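The data block below is protein25.txt; it holds compact mmCIF, C-alpha atoms and all ligand atoms.
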```
# COMPACT_ATOMS: atom_id res chain seq x y z
CA MET A 761 28.29 37.38 32.82
CA ALA A 762 26.38 34.38 34.03
CA ARG A 763 23.36 34.87 31.79
CA ALA A 764 21.16 32.49 33.67
CA ALA A 765 21.27 31.02 37.09
CA ARG A 766 22.64 27.54 37.36
CA ALA A 767 19.85 25.09 38.12
CA CYS A 768 18.65 25.49 41.65
CA LEU A 769 20.77 23.36 43.90
CA HIS A 770 17.86 21.67 45.54
CA PRO A 771 16.23 19.12 43.25
CA ASP A 772 12.72 19.98 44.40
CA ILE A 773 12.89 23.60 43.38
CA PRO A 774 12.41 24.55 39.76
CA LYS A 775 15.10 26.77 38.31
CA GLY A 776 14.48 30.34 39.41
CA GLY A 777 11.71 29.28 41.75
CA ALA A 778 11.38 30.76 45.18
CA CYS A 779 12.59 28.64 48.05
CA PRO A 780 10.29 28.20 50.99
CA LEU A 781 12.12 29.87 53.83
CA ARG A 782 9.44 29.53 56.43
CA PRO A 783 11.09 28.06 59.44
CA GLY A 784 9.88 24.61 60.32
CA SER A 785 8.49 24.40 63.81
CA ALA A 786 9.55 21.21 65.46
CA SER A 787 13.19 21.73 66.30
CA ARG A 788 14.67 22.96 69.55
CA ILE A 789 16.62 26.21 69.43
CA ASP A 790 19.40 26.99 71.84
CA VAL A 791 19.80 30.42 73.32
CA THR A 792 22.78 32.08 71.70
CA ILE A 793 24.46 35.10 73.20
CA ILE A 794 26.98 36.95 71.07
CA SER A 795 29.09 39.58 72.79
CA VAL A 796 29.89 42.80 71.00
CA PRO A 797 33.03 43.95 72.81
CA LEU A 798 33.31 47.68 72.26
CA GLY A 799 34.72 48.82 75.61
CA PRO A 800 32.20 51.05 77.40
CA ARG A 801 29.77 50.56 74.50
CA SER A 802 29.81 46.75 74.74
CA TYR A 803 26.56 44.84 74.54
CA GLU A 804 25.10 41.45 73.74
CA VAL A 805 23.02 40.11 70.90
CA CYS A 806 20.69 37.39 72.13
CA ILE A 807 19.21 35.03 69.54
CA ALA A 808 16.50 32.82 70.97
CA PRO A 809 12.81 32.10 70.95
CA ALA A 810 11.87 33.76 74.20
CA SER A 811 8.79 34.58 76.20
CA ALA A 812 7.80 38.21 76.52
CA THR A 813 8.86 38.03 80.17
CA ASP A 814 12.31 36.73 79.27
CA ILE A 815 12.86 39.43 76.66
CA ALA A 816 11.65 42.13 79.06
CA GLN A 817 13.97 40.82 81.74
CA LYS A 818 16.99 40.84 79.44
CA ILE A 819 16.18 44.35 78.24
CA GLY A 820 15.71 45.54 81.81
CA THR A 821 19.08 44.10 82.84
CA ALA A 822 20.82 45.62 79.83
CA LEU A 823 19.28 49.06 80.33
CA GLY A 824 20.07 49.13 84.05
CA LYS A 825 18.68 51.99 86.10
CA THR A 826 16.31 54.03 84.00
CA THR A 827 13.73 56.74 84.64
CA GLY A 828 11.32 55.58 81.96
CA VAL A 829 11.09 53.49 78.82
CA ALA A 830 9.44 54.48 75.55
CA VAL A 831 8.59 51.51 73.36
CA LEU A 832 8.54 52.46 69.68
CA VAL A 833 6.76 49.89 67.54
CA ASP A 834 6.57 49.56 63.76
CA SER A 835 2.81 49.96 63.29
CA ARG A 836 2.54 47.04 60.85
CA VAL A 837 4.35 44.73 63.24
CA GLY A 838 2.06 46.02 65.97
CA GLN A 839 -0.95 45.00 63.88
CA LEU A 840 0.34 41.69 62.55
CA SER A 841 2.42 40.17 65.32
CA PRO A 842 0.67 38.79 68.40
CA ARG A 843 4.02 39.04 70.19
CA VAL A 844 4.10 42.82 70.43
CA GLN A 845 1.48 43.70 73.03
CA PRO A 846 2.55 40.96 75.52
CA LEU A 847 6.10 42.25 75.21
CA VAL A 848 5.02 45.84 75.89
CA GLU A 849 3.06 44.62 78.90
CA ALA A 850 6.00 42.57 80.17
CA LEU A 851 8.24 45.61 79.85
CA ALA A 852 5.64 47.71 81.73
CA ALA A 853 5.56 45.13 84.51
CA ARG A 854 9.31 45.36 84.98
CA LEU A 855 10.41 48.87 84.06
CA PRO A 856 9.30 52.37 85.08
CA ARG A 857 6.98 54.59 83.03
CA VAL A 858 6.61 52.38 79.99
CA ARG A 859 4.58 53.97 77.19
CA ARG A 860 4.10 52.78 73.63
CA MET A 861 4.21 54.85 70.49
CA ASP A 862 3.60 53.34 67.04
CA LEU A 863 5.82 54.46 64.19
CA PRO A 864 4.84 54.65 60.52
CA ALA A 865 5.48 51.21 59.01
CA GLY A 866 8.86 50.48 57.45
CA GLU A 867 10.89 53.04 55.53
CA SER A 868 8.31 55.81 56.04
CA SER A 869 9.57 56.11 59.63
CA LYS A 870 13.02 57.07 58.33
CA THR A 871 12.43 60.78 57.81
CA LEU A 872 13.58 63.78 59.77
CA ALA A 873 9.90 64.72 60.19
CA ALA A 874 9.19 61.35 61.82
CA ILE A 875 12.22 61.77 64.08
CA GLU A 876 10.95 65.20 65.11
CA ARG A 877 7.55 63.71 65.94
CA THR A 878 9.22 61.05 68.08
CA CYS A 879 11.35 63.61 69.92
CA ASP A 880 8.30 65.84 70.51
CA TRP A 881 6.37 62.86 71.84
CA LEU A 882 9.24 61.91 74.16
CA ALA A 883 9.41 65.46 75.49
CA ASP A 884 5.63 65.72 75.86
CA ASN A 885 5.68 62.50 77.86
CA GLY A 886 8.39 63.76 80.17
CA TYR A 887 11.17 61.36 79.18
CA ASP A 888 14.44 62.74 80.54
CA ARG A 889 18.13 61.93 80.07
CA GLY A 890 17.79 58.83 82.24
CA ALA A 891 15.13 57.37 79.96
CA ALA A 892 15.61 54.71 77.30
CA LEU A 893 13.99 53.62 74.05
CA VAL A 894 13.08 50.11 72.97
CA GLY A 895 12.44 49.52 69.27
CA ILE A 896 10.28 46.67 67.97
CA GLY A 897 10.39 46.39 64.19
CA GLY A 898 12.63 45.87 61.20
CA GLY A 899 15.74 47.70 60.08
CA ALA A 900 13.81 50.92 59.49
CA THR A 901 12.68 50.87 63.11
CA SER A 902 16.16 50.17 64.49
CA ASP A 903 17.55 53.00 62.33
CA HIS A 904 14.80 55.38 63.52
CA VAL A 905 14.96 54.39 67.16
CA GLY A 906 18.77 54.39 67.26
CA PHE A 907 18.95 57.81 65.64
CA ALA A 908 16.25 59.28 67.91
CA ALA A 909 18.14 57.85 70.90
CA ALA A 910 21.39 59.34 69.58
CA ILE A 911 20.04 62.88 69.38
CA TYR A 912 17.23 63.17 71.98
CA LEU A 913 18.69 65.19 74.87
CA ARG A 914 22.08 64.61 73.18
CA GLY A 915 21.86 60.87 73.61
CA ILE A 916 19.92 58.31 75.64
CA ALA A 917 20.10 54.51 75.83
CA TYR A 918 18.18 52.13 73.60
CA ALA A 919 17.64 48.46 72.88
CA THR A 920 16.09 46.75 69.88
CA CYS A 921 13.93 43.73 69.18
CA PRO A 922 14.40 43.13 65.45
CA THR A 923 11.39 41.61 63.70
CA THR A 924 12.73 41.08 60.15
CA LEU A 925 15.48 38.72 59.11
CA LEU A 926 17.44 41.65 57.68
CA ALA A 927 17.26 43.53 60.95
CA MET A 928 18.28 40.44 62.94
CA VAL A 929 21.36 39.69 60.84
CA ASP A 930 22.38 43.20 59.94
CA ALA A 931 20.57 46.45 60.70
CA SER A 932 20.06 46.08 64.45
CA VAL A 933 23.72 45.28 65.14
CA GLY A 934 26.57 47.74 64.85
CA GLY A 935 25.22 51.09 65.93
CA LYS A 936 24.81 52.72 62.53
CA THR A 937 21.58 54.68 62.75
CA GLY A 938 19.94 57.24 60.53
CA VAL A 939 17.24 58.45 58.21
CA ASP A 940 16.75 59.33 54.56
CA ILE A 941 16.69 62.78 52.97
CA ALA A 942 15.72 63.87 49.46
CA ALA A 943 19.33 63.50 48.27
CA GLY A 944 19.49 59.85 49.25
CA LYS A 945 18.97 57.06 51.73
CA ASN A 946 20.70 57.04 55.10
CA LEU A 947 22.45 60.36 54.46
CA VAL A 948 21.71 61.74 57.93
CA GLY A 949 22.63 59.67 60.93
CA ALA A 950 24.87 58.88 63.85
CA PHE A 951 26.86 56.04 65.31
CA HIS A 952 25.08 55.03 68.50
CA GLN A 953 25.37 51.50 69.85
CA PRO A 954 22.36 49.82 71.46
CA ARG A 955 22.52 48.40 74.98
CA ALA A 956 21.09 45.10 73.81
CA VAL A 957 19.65 43.34 70.76
CA LEU A 958 17.02 40.67 71.41
CA ALA A 959 16.40 38.66 68.26
CA ASP A 960 13.49 36.25 68.64
CA PRO A 961 13.10 34.35 65.34
CA GLY A 962 9.47 33.79 66.33
CA PHE A 963 8.77 37.34 65.13
CA LEU A 964 9.50 36.11 61.59
CA ASP A 965 6.26 34.08 61.62
CA SER A 966 4.29 37.08 60.39
CA LEU A 967 6.93 38.39 57.98
CA PRO A 968 5.99 38.16 54.26
CA SER A 969 8.17 35.62 52.43
CA ARG A 970 9.46 38.32 50.05
CA GLU A 971 10.88 40.19 53.06
CA THR A 972 12.41 36.99 54.42
CA ALA A 973 14.12 36.32 51.10
CA ALA A 974 15.43 39.90 51.07
CA GLY A 975 16.97 39.28 54.49
CA MET A 976 18.62 36.13 53.15
CA SER A 977 20.47 38.31 50.67
CA GLU A 978 22.43 39.88 53.54
CA VAL A 979 23.10 36.40 54.91
CA VAL A 980 24.58 35.37 51.56
CA LYS A 981 26.67 38.55 51.69
CA ALA A 982 27.99 37.60 55.12
CA GLY A 983 28.98 34.17 53.80
CA LEU A 984 30.69 35.61 50.75
CA ILE A 985 32.75 38.21 52.60
CA ALA A 986 33.72 36.27 55.70
CA ASP A 987 32.24 32.81 56.25
CA ALA A 988 32.58 30.20 53.51
CA ALA A 989 30.91 27.55 55.68
CA LEU A 990 27.79 29.72 55.92
CA LEU A 991 27.51 29.65 52.12
CA ASP A 992 27.74 25.86 52.19
CA THR A 993 24.97 25.70 54.79
CA LEU A 994 22.73 27.98 52.75
CA GLU A 995 23.26 25.87 49.66
CA ALA A 996 22.48 22.70 51.59
CA GLN A 997 19.27 24.21 53.04
CA ALA A 998 17.95 26.34 50.21
CA GLY A 999 14.98 24.67 48.62
CA ALA A 1000 13.72 22.86 51.67
CA ALA A 1001 11.58 24.16 54.50
CA MET A 1002 14.20 25.40 56.88
CA PRO A 1003 14.04 23.97 60.40
CA ALA A 1004 13.81 26.73 62.99
CA ALA A 1005 17.04 25.58 64.61
CA VAL A 1006 18.89 25.85 61.29
CA LEU A 1007 17.47 29.31 60.69
CA ALA A 1008 18.65 30.34 64.15
CA LYS A 1009 22.14 29.01 63.37
CA ILE A 1010 22.20 30.91 60.09
CA ILE A 1011 21.18 34.10 61.90
CA GLU A 1012 23.91 33.45 64.46
CA ALA A 1013 26.58 32.94 61.79
CA ALA A 1014 25.62 36.13 59.98
CA VAL A 1015 25.55 38.14 63.21
CA ARG A 1016 29.00 36.78 64.11
CA VAL A 1017 30.35 38.06 60.79
CA LYS A 1018 28.86 41.49 61.40
CA VAL A 1019 30.14 41.62 64.97
CA GLU A 1020 33.65 40.56 63.96
CA VAL A 1021 33.77 43.31 61.37
CA ILE A 1022 32.35 46.13 63.49
CA VAL A 1023 34.51 45.25 66.46
CA ALA A 1024 37.55 45.58 64.19
CA ASP A 1025 36.30 48.90 62.80
CA GLU A 1026 33.41 50.47 64.70
CA ARG A 1027 33.23 53.68 62.66
CA GLU A 1028 33.94 52.45 59.16
CA ASN A 1029 37.44 53.74 58.77
CA GLY A 1030 38.62 50.56 57.08
CA ARG A 1031 37.49 46.94 57.29
CA ARG A 1032 33.84 47.75 58.01
CA ALA A 1033 33.51 48.85 54.40
CA ILE A 1034 33.48 45.16 53.37
CA LEU A 1035 29.93 45.04 54.71
CA ASN A 1036 29.08 47.20 51.70
CA PHE A 1037 29.76 44.28 49.35
CA GLY A 1038 27.06 44.43 46.67
CA HIS A 1039 25.77 47.73 47.98
CA THR A 1040 27.49 50.22 45.66
CA VAL A 1041 25.65 48.93 42.60
CA GLY A 1042 22.76 47.66 44.72
CA HIS A 1043 21.94 51.13 46.04
CA ALA A 1044 22.00 52.53 42.50
CA ILE A 1045 19.59 49.83 41.28
CA GLU A 1046 17.38 50.27 44.36
CA ALA A 1047 17.13 54.03 43.76
CA ALA A 1048 16.56 53.57 40.02
CA SER A 1049 13.65 51.23 40.78
CA GLY A 1050 12.02 54.04 42.73
CA PHE A 1051 12.50 51.80 45.79
CA GLN A 1052 10.11 49.23 44.32
CA LEU A 1053 12.88 46.69 44.87
CA LEU A 1054 13.52 45.76 48.48
CA HIS A 1055 16.98 46.57 49.80
CA GLY A 1056 17.99 42.90 49.97
CA GLU A 1057 16.73 42.33 46.42
CA ALA A 1058 18.85 45.21 45.15
CA VAL A 1059 21.83 43.87 47.11
CA SER A 1060 21.32 40.49 45.43
CA LEU A 1061 21.69 42.18 42.04
CA GLY A 1062 24.58 44.30 43.31
CA MET A 1063 26.46 41.23 44.54
CA ILE A 1064 26.15 39.59 41.13
CA ALA A 1065 27.45 42.77 39.49
CA ALA A 1066 30.35 42.93 41.96
CA LEU A 1067 31.26 39.28 41.38
CA ALA A 1068 31.12 39.77 37.59
CA LEU A 1069 33.36 42.80 37.95
CA GLY A 1070 35.73 40.79 40.14
CA VAL A 1071 35.93 38.07 37.50
CA ALA A 1072 36.58 40.67 34.78
CA ARG A 1073 39.37 42.21 36.85
CA GLY A 1074 40.94 38.80 37.47
CA VAL A 1075 40.25 39.02 41.21
CA THR A 1076 37.29 36.69 41.68
CA GLU A 1077 37.47 32.96 41.03
CA PRO A 1078 35.17 32.49 38.01
CA GLY A 1079 33.02 29.69 39.45
CA LEU A 1080 31.85 31.88 42.31
CA LEU A 1081 29.71 34.05 40.05
CA ALA A 1082 27.63 31.14 38.77
CA ARG A 1083 27.50 29.51 42.19
CA THR A 1084 26.23 32.67 43.89
CA THR A 1085 23.77 33.45 41.12
CA ALA A 1086 22.27 29.98 41.53
CA LEU A 1087 22.01 30.32 45.28
CA LEU A 1088 20.39 33.76 45.14
CA ALA A 1089 17.89 32.59 42.51
CA CYS A 1090 17.11 29.56 44.62
CA LEU A 1091 16.43 31.82 47.57
CA GLY A 1092 13.84 33.68 45.51
CA LEU A 1093 15.98 36.75 44.89
CA PRO A 1094 16.29 38.63 41.58
CA VAL A 1095 19.43 37.88 39.55
CA ASP A 1096 18.68 39.59 36.21
CA VAL A 1097 21.17 42.37 36.76
CA LYS A 1098 22.08 42.87 33.11
CA HIS A 1099 18.60 44.17 32.33
CA ARG A 1100 18.71 46.64 35.17
CA LEU A 1101 22.14 48.15 34.65
CA ALA A 1102 21.92 50.94 32.13
CA ALA A 1103 24.58 53.66 32.29
CA ASP A 1104 22.10 56.10 33.85
CA VAL A 1105 21.52 53.65 36.67
CA LEU A 1106 25.25 53.54 37.32
CA ASP A 1107 25.35 57.35 37.39
CA ARG A 1108 23.45 57.07 40.65
CA MET A 1109 26.59 55.64 42.21
CA GLU A 1110 27.89 59.20 42.11
CA VAL A 1111 25.94 60.07 45.24
CA ASP A 1112 27.15 56.90 46.91
CA LYS A 1113 28.70 57.75 50.28
CA LYS A 1114 31.56 55.35 49.56
CA ARG A 1115 32.74 57.45 46.66
CA VAL A 1116 35.97 59.27 47.45
CA SER A 1117 36.72 62.05 44.89
CA ASP A 1118 36.52 60.40 41.46
CA ALA A 1119 37.18 56.89 42.72
CA VAL A 1120 34.85 54.38 44.33
CA ARG A 1121 36.08 52.11 47.13
CA PHE A 1122 34.66 48.94 45.65
CA VAL A 1123 34.39 45.69 47.59
CA LEU A 1124 35.39 42.55 45.70
CA VAL A 1125 35.27 38.91 46.80
CA PRO A 1126 38.18 36.82 45.49
CA ARG A 1127 36.84 33.55 46.92
CA PRO A 1128 34.16 32.53 49.45
CA GLY A 1129 34.82 34.04 52.87
CA GLU A 1130 37.26 36.71 51.74
CA ALA A 1131 36.77 40.36 50.78
CA ILE A 1132 39.11 43.05 49.53
CA ILE A 1133 38.60 46.72 48.75
CA GLN A 1134 39.91 48.33 45.57
CA GLY A 1135 39.79 52.01 44.66
CA ILE A 1136 38.41 52.12 41.13
CA ALA A 1137 38.05 55.29 39.08
CA PHE A 1138 34.37 56.00 38.51
CA GLY A 1139 34.57 56.05 34.69
CA GLU A 1140 36.54 52.80 34.60
CA LEU A 1141 34.08 51.19 37.01
CA LYS A 1142 31.10 52.07 34.84
CA GLN A 1143 32.78 50.79 31.69
CA GLN A 1144 33.97 47.56 33.28
CA LEU A 1145 30.62 46.82 34.89
CA ILE A 1146 28.73 47.21 31.64
CA ALA A 1147 31.30 45.09 29.79
CA ALA A 1148 31.36 42.41 32.49
CA LEU A 1149 27.62 41.73 32.51
P1 LIG B 1 11.66 47.41 57.24
O1 LIG B 1 12.03 47.71 58.60
O2 LIG B 1 11.24 48.53 56.35
O3 LIG B 1 10.51 46.30 57.27
C1 LIG B 1 10.02 45.80 56.04
C2 LIG B 1 8.49 45.70 56.08
O4 LIG B 1 8.13 44.60 56.90
C3 LIG B 1 7.82 46.90 56.68
O5 LIG B 1 6.63 47.14 55.96
C4 LIG B 1 7.49 46.48 58.10
O6 LIG B 1 6.35 47.16 58.57
C5 LIG B 1 7.24 45.01 57.93
N1 LIG B 1 7.57 44.15 59.05
C6 LIG B 1 8.65 44.21 59.86
N2 LIG B 1 8.66 43.16 60.69
C7 LIG B 1 7.57 42.43 60.42
C8 LIG B 1 7.02 41.24 60.95
N3 LIG B 1 7.64 40.54 61.89
N4 LIG B 1 5.85 40.80 60.45
C9 LIG B 1 5.22 41.48 59.44
N5 LIG B 1 5.68 42.61 58.89
C10 LIG B 1 6.84 43.08 59.38
O7 LIG B 1 12.79 46.65 56.39
P2 LIG B 1 14.09 45.84 56.78
O8 LIG B 1 14.37 45.05 55.58
O9 LIG B 1 13.99 45.16 58.09
O10 LIG B 1 15.18 46.97 56.96
C11 LIG B 1 15.52 47.83 55.91
C12 LIG B 1 16.07 49.09 56.49
O11 LIG B 1 17.22 48.77 57.27
C13 LIG B 1 16.51 50.09 55.44
O12 LIG B 1 16.05 51.36 55.82
C14 LIG B 1 18.02 50.02 55.49
O13 LIG B 1 18.60 51.25 55.15
C15 LIG B 1 18.25 49.68 56.94
N6 LIG B 1 19.53 49.03 57.20
C16 LIG B 1 20.30 49.54 58.16
C17 LIG B 1 21.52 48.95 58.47
C18 LIG B 1 22.36 49.51 59.56
O14 LIG B 1 23.47 49.00 59.80
N7 LIG B 1 21.91 50.51 60.25
C19 LIG B 1 21.93 47.80 57.78
C20 LIG B 1 21.10 47.29 56.79
C21 LIG B 1 19.89 47.91 56.51
```
Would you mind writing the file's structure down as structure tokens?
Amino acid sequence: MARAARACLHPDIPKGGACPLRPGSASRIDVTIISVPLGPRSYEVCIAPASATDIAQKIGTALGKTTGVAVLVDSRVGQLSPRVQPLVEALAARLPRVRRMDLPAGESSKTLAAIERTCDWLADNGYDRGAALVGIGGGATSDHVGFAAAIYLRGIAYATCPTTLLAMVDASVGGKTGVDIAAGKNLVGAFHQPRAVLADPGFLDSLPSRETAAGMSEVVKAGLIADAALLDTLEAQAGAAMPAAVLAKIIEAAVRVKVEVIVADERENGRRAILNFGHTVGHAIEAASGFQLLHGEAVSLGMIAALALGVARGVTEPGLLARTTALLACLGLPVDVKHRLAADVLDRMEVDKKRVSDAVRFVLVPRPGEAIIQGIAFGELKQQLIAAL
């Protein structure tokens, strides 16, 4: 294994130090529209700093004729971001019967009980099959809102305004929705595509830097599995205050990777599984930490484990492990996977949804921008992982 991260690529950042990822303010950002062509379920992802009126107008256009709009807001975002209330008001000025409901902050909204409360509230407020939901929050909110929209009255429309980096580059795009149950995370859910995703990087102003770094982990993943140039950009930028325009371009590149993959395989019958790179081990570490680690932090560790395994199996070019470890460390993400990978942690992979009988469909990256899937027997996987690290 790479026992220590290579020195941080940026000379100003001490080895292992966190990189400032706060977007700089002074640069102009273009509006980027990315189409998600899924036939009748097609929609657009818009990445742009936008006024509340602009966002409301785009959502209104995407939702089309509607009988009412329920705006579901992550309560912490509602408290911390000055952008929320103007957006709700702009939606109310444009769309019929707009009411706001605040959701429990973050992952605590991803329970069946919380979904039931949302559905009861929708019914109590008279929202019918022509109504739509708008979610404002991170990935937990888009999972909650998408799942509620999938099942309320057997399915209504929804749009999301992601407010975390992870939700902008990953969770809000692709139509996978769901909640957690006692047996594991995301074990109950539905595929339900949004009508629009409006990603305004300005929402990231209030996001804690630890959460921003965790989102960067999924950006690194996108680079590793499908966009070598994105990795180069991250390496060039990591360690310096990132201009807002560069951050927007990085978000765009990561969204393009996700869109390309989900368009090829909307329901995860094949290629979409490459998005799980780093997640098989990452989920096990995340669960073993009692969810003290953020998802992106656990994925950072899982990607290092997957690269080490790839090197051990002769699939991954050896330099990529050290290179990625250095980048992740520079981005302020944990890389000390060896200390976190006891055999009992790996046993948690047994409840992994990607496990098929006694084999795991494991995603490996041979070289930057390329991913393959190998079926690996569970026992062999455990042994090789422990030996590789
Ligand atoms: P999150 O939604 O839990 O948000 C993290 C924390 O940041 C929360 O406490 C939230 O209240 C707060 N927050 C959100 N936006 C903020 C802002 N702008 N300012 C200040 N605080 C803010 O976490 P996340 O990382 O966005 O998403 C993780 C969730 O996404 C997990 O539940 C994961 O399973 C899910 N996910 C889903 C998919 C998918 O395809 N459906 C993909 C990846 C992750």
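Nearest residue to Glu1012 in chain A among A:Met928, A:Ala891, A:Leu832, A:Leu1087 is A:Met928, counting all atoms listed in the file.
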Among the residues A:Trp881, A:Pro954, A:Thr1085, A:Val905, the one that comes closest to Pro800 in chain A [using all atoms listed in the file]
A:Pro954
Might you pull out every residue within 7 Å of Val957 in chain A, with all atoms listed in the file counted and same-chain residues fewer than 2 positions away left off, and present them as a ChimeraX atom specification?
/A:804-806,919-921,932,959
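Between Ala865 in chain A and the candidates A:Ala900, A:Ile941, A:Val844, A:Leu893, the tightest atom-to-atom separation, counting all atoms listed in the file, involves A:Ala900.
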Contact residues around Ile896 in chain A with all atoms listed in the file at 10 Å, ignoring same-chain residues under 5 positions, as JSON, numbers by chain:
{"A": [831, 832, 833, 834, 835, 837, 838, 844, 847, 848, 862, 863, 901, 902, 905, 919, 920, 921, 922, 923, 924, 958, 963]}
Mind writing the picked residues with C-alpha atoms as an mmCIF file, in the frame of the given file?
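Output saved as out-v7.cif:
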```
data_model
loop_
_atom_site.group_PDB
_atom_site.id
_atom_site.type_symbol
_atom_site.label_atom_id
_atom_site.label_comp_id
_atom_site.auth_asym_id
_atom_site.auth_seq_id
_atom_site.Cartn_x
_atom_site.Cartn_y
_atom_site.Cartn_z
ATOM 1 C CA VAL A 831 8.590 51.510 73.360
ATOM 2 C CA LEU A 832 8.540 52.460 69.680
ATOM 3 C CA VAL A 833 6.760 49.890 67.540
ATOM 4 C CA ASP A 834 6.570 49.560 63.760
ATOM 5 C CA SER A 835 2.810 49.960 63.290
ATOM 6 C CA VAL A 837 4.350 44.730 63.240
ATOM 7 C CA GLY A 838 2.060 46.020 65.970
ATOM 8 C CA VAL A 844 4.100 42.820 70.430
ATOM 9 C CA LEU A 847 6.100 42.250 75.210
ATOM 10 C CA VAL A 848 5.020 45.840 75.890
ATOM 11 C CA ASP A 862 3.600 53.340 67.040
ATOM 12 C CA LEU A 863 5.820 54.460 64.190
ATOM 13 C CA THR A 901 12.680 50.870 63.110
ATOM 14 C CA SER A 902 16.160 50.170 64.490
ATOM 15 C CA VAL A 905 14.960 54.390 67.160
ATOM 16 C CA ALA A 919 17.640 48.460 72.880
ATOM 17 C CA THR A 920 16.090 46.750 69.880
ATOM 18 C CA CYS A 921 13.930 43.730 69.180
ATOM 19 C CA PRO A 922 14.400 43.130 65.450
ATOM 20 C CA THR A 923 11.390 41.610 63.700
ATOM 21 C CA THR A 924 12.730 41.080 60.150
ATOM 22 C CA LEU A 958 17.020 40.670 71.410
ATOM 23 C CA PHE A 963 8.770 37.340 65.130
#
```
Which of A:Leu967, A:Ala816, A:Ala956, A:Leu913 sits closest to ligand LIG 1 (chain B) [using all atoms listed in the file]:
A:Leu967
Write out as a ChimeraX atom specification the residues lying within 9 Å of Thr871 in chain A, counting all atoms listed in the file and excluding same-chain residues fewer than 3 positions away.
/A:867-868,874-876,904,938-941
Using only C-alpha atoms and all ligand atoms, the best pick from A:Arg1083, A:Arg1121, A:Arg1127, A:His1055 as closest to ligand LIG 1 (chain B) would be A:His1055
If we count all atoms listed in the file and set the cut-off at 12 Å, which residues sit around range 993-995 of chain A, ignoring sequence neighbours fewer than 4 positions away in its own chain? Please answer as a ChimeraX atom specification.
/A:768-771,779,781,976-984,987-989,999-1002,1006-1007,1009-1011,1013-1014,1083-1091
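Across A:Leu1067, A:Ile1146, A:Lys945, A:Asp1104, the tightest approach to Phe1051 in chain A is made by A:Lys945 when counting all atoms listed in the file.
Here CA of Ser841 in chain A stands at a distance of 12.6 Å from CA of Ala812 in chain A.
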Give me, as number ranges by chain, all polymer residues having an atom no more than 12 Å from Val829 in chain A, counting all atoms listed in the file and skipping those fewer than 4 positions away in the same chain.
A: 816, 819-820, 823-825, 848-849, 851-861, 882, 885-895, 909, 916-919
6 Å per side around range 1126-1141 of chain A: axis-aligned box centre and edge lengths, as JSON:
```
{"center_x": 37.0, "center_y": 44.3, "center_z": 43.7, "size_x": 17.8, "size_y": 35.5, "size_z": 30.3}
```
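The space between CA of Leu872 in chain A and atom N3 of ligand LIG 1 (chain B) spans 24.1 Å.
Rounded to one decimal, CA of Val1041 in chain A and CA of Ala908 in chain A lie 28.9 Å from each other.
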Anything within 9 Å of (31.6, 46.7, 51.6): list those residues as a PDB file with C-alpha atoms, in the frame of the given file, counting only C-alpha atoms and sticking to the file's coordinates.
```
ATOM      1  CA  ILE A 985      32.750  38.210  52.600  1.00  0.00           C
ATOM      2  CA  ARG A1031      37.490  46.940  57.290  1.00  0.00           C
ATOM      3  CA  ARG A1032      33.840  47.750  58.010  1.00  0.00           C
ATOM      4  CA  ALA A1033      33.510  48.850  54.400  1.00  0.00           C
ATOM      5  CA  ILE A1034      33.480  45.160  53.370  1.00  0.00           C
ATOM      6  CA  LEU A1035      29.930  45.040  54.710  1.00  0.00           C
ATOM      7  CA  ASN A1036      29.080  47.200  51.700  1.00  0.00           C
ATOM      8  CA  PHE A1037      29.760  44.280  49.350  1.00  0.00           C
ATOM      9  CA  GLY A1038      27.060  44.430  46.670  1.00  0.00           C
ATOM     10  CA  HIS A1039      25.770  47.730  47.980  1.00  0.00           C
ATOM     11  CA  THR A1040      27.490  50.220  45.660  1.00  0.00           C
ATOM     12  CA  LYS A1114      31.560  55.350  49.560  1.00  0.00           C
ATOM     13  CA  ARG A1121      36.080  52.110  47.130  1.00  0.00           C
ATOM     14  CA  PHE A1122      34.660  48.940  45.650  1.00  0.00           C
ATOM     15  CA  VAL A1123      34.390  45.690  47.590  1.00  0.00           C
ATOM     16  CA  LEU A1124      35.390  42.550  45.700  1.00  0.00           C
ATOM     17  CA  ALA A1131      36.770  40.360  50.780  1.00  0.00           C
ATOM     18  CA  ILE A1132      39.110  43.050  49.530  1.00  0.00           C
ATOM     19  CA  ILE A1133      38.600  46.720  48.750  1.00  0.00           C
TER      20      ILE A1133
END
```
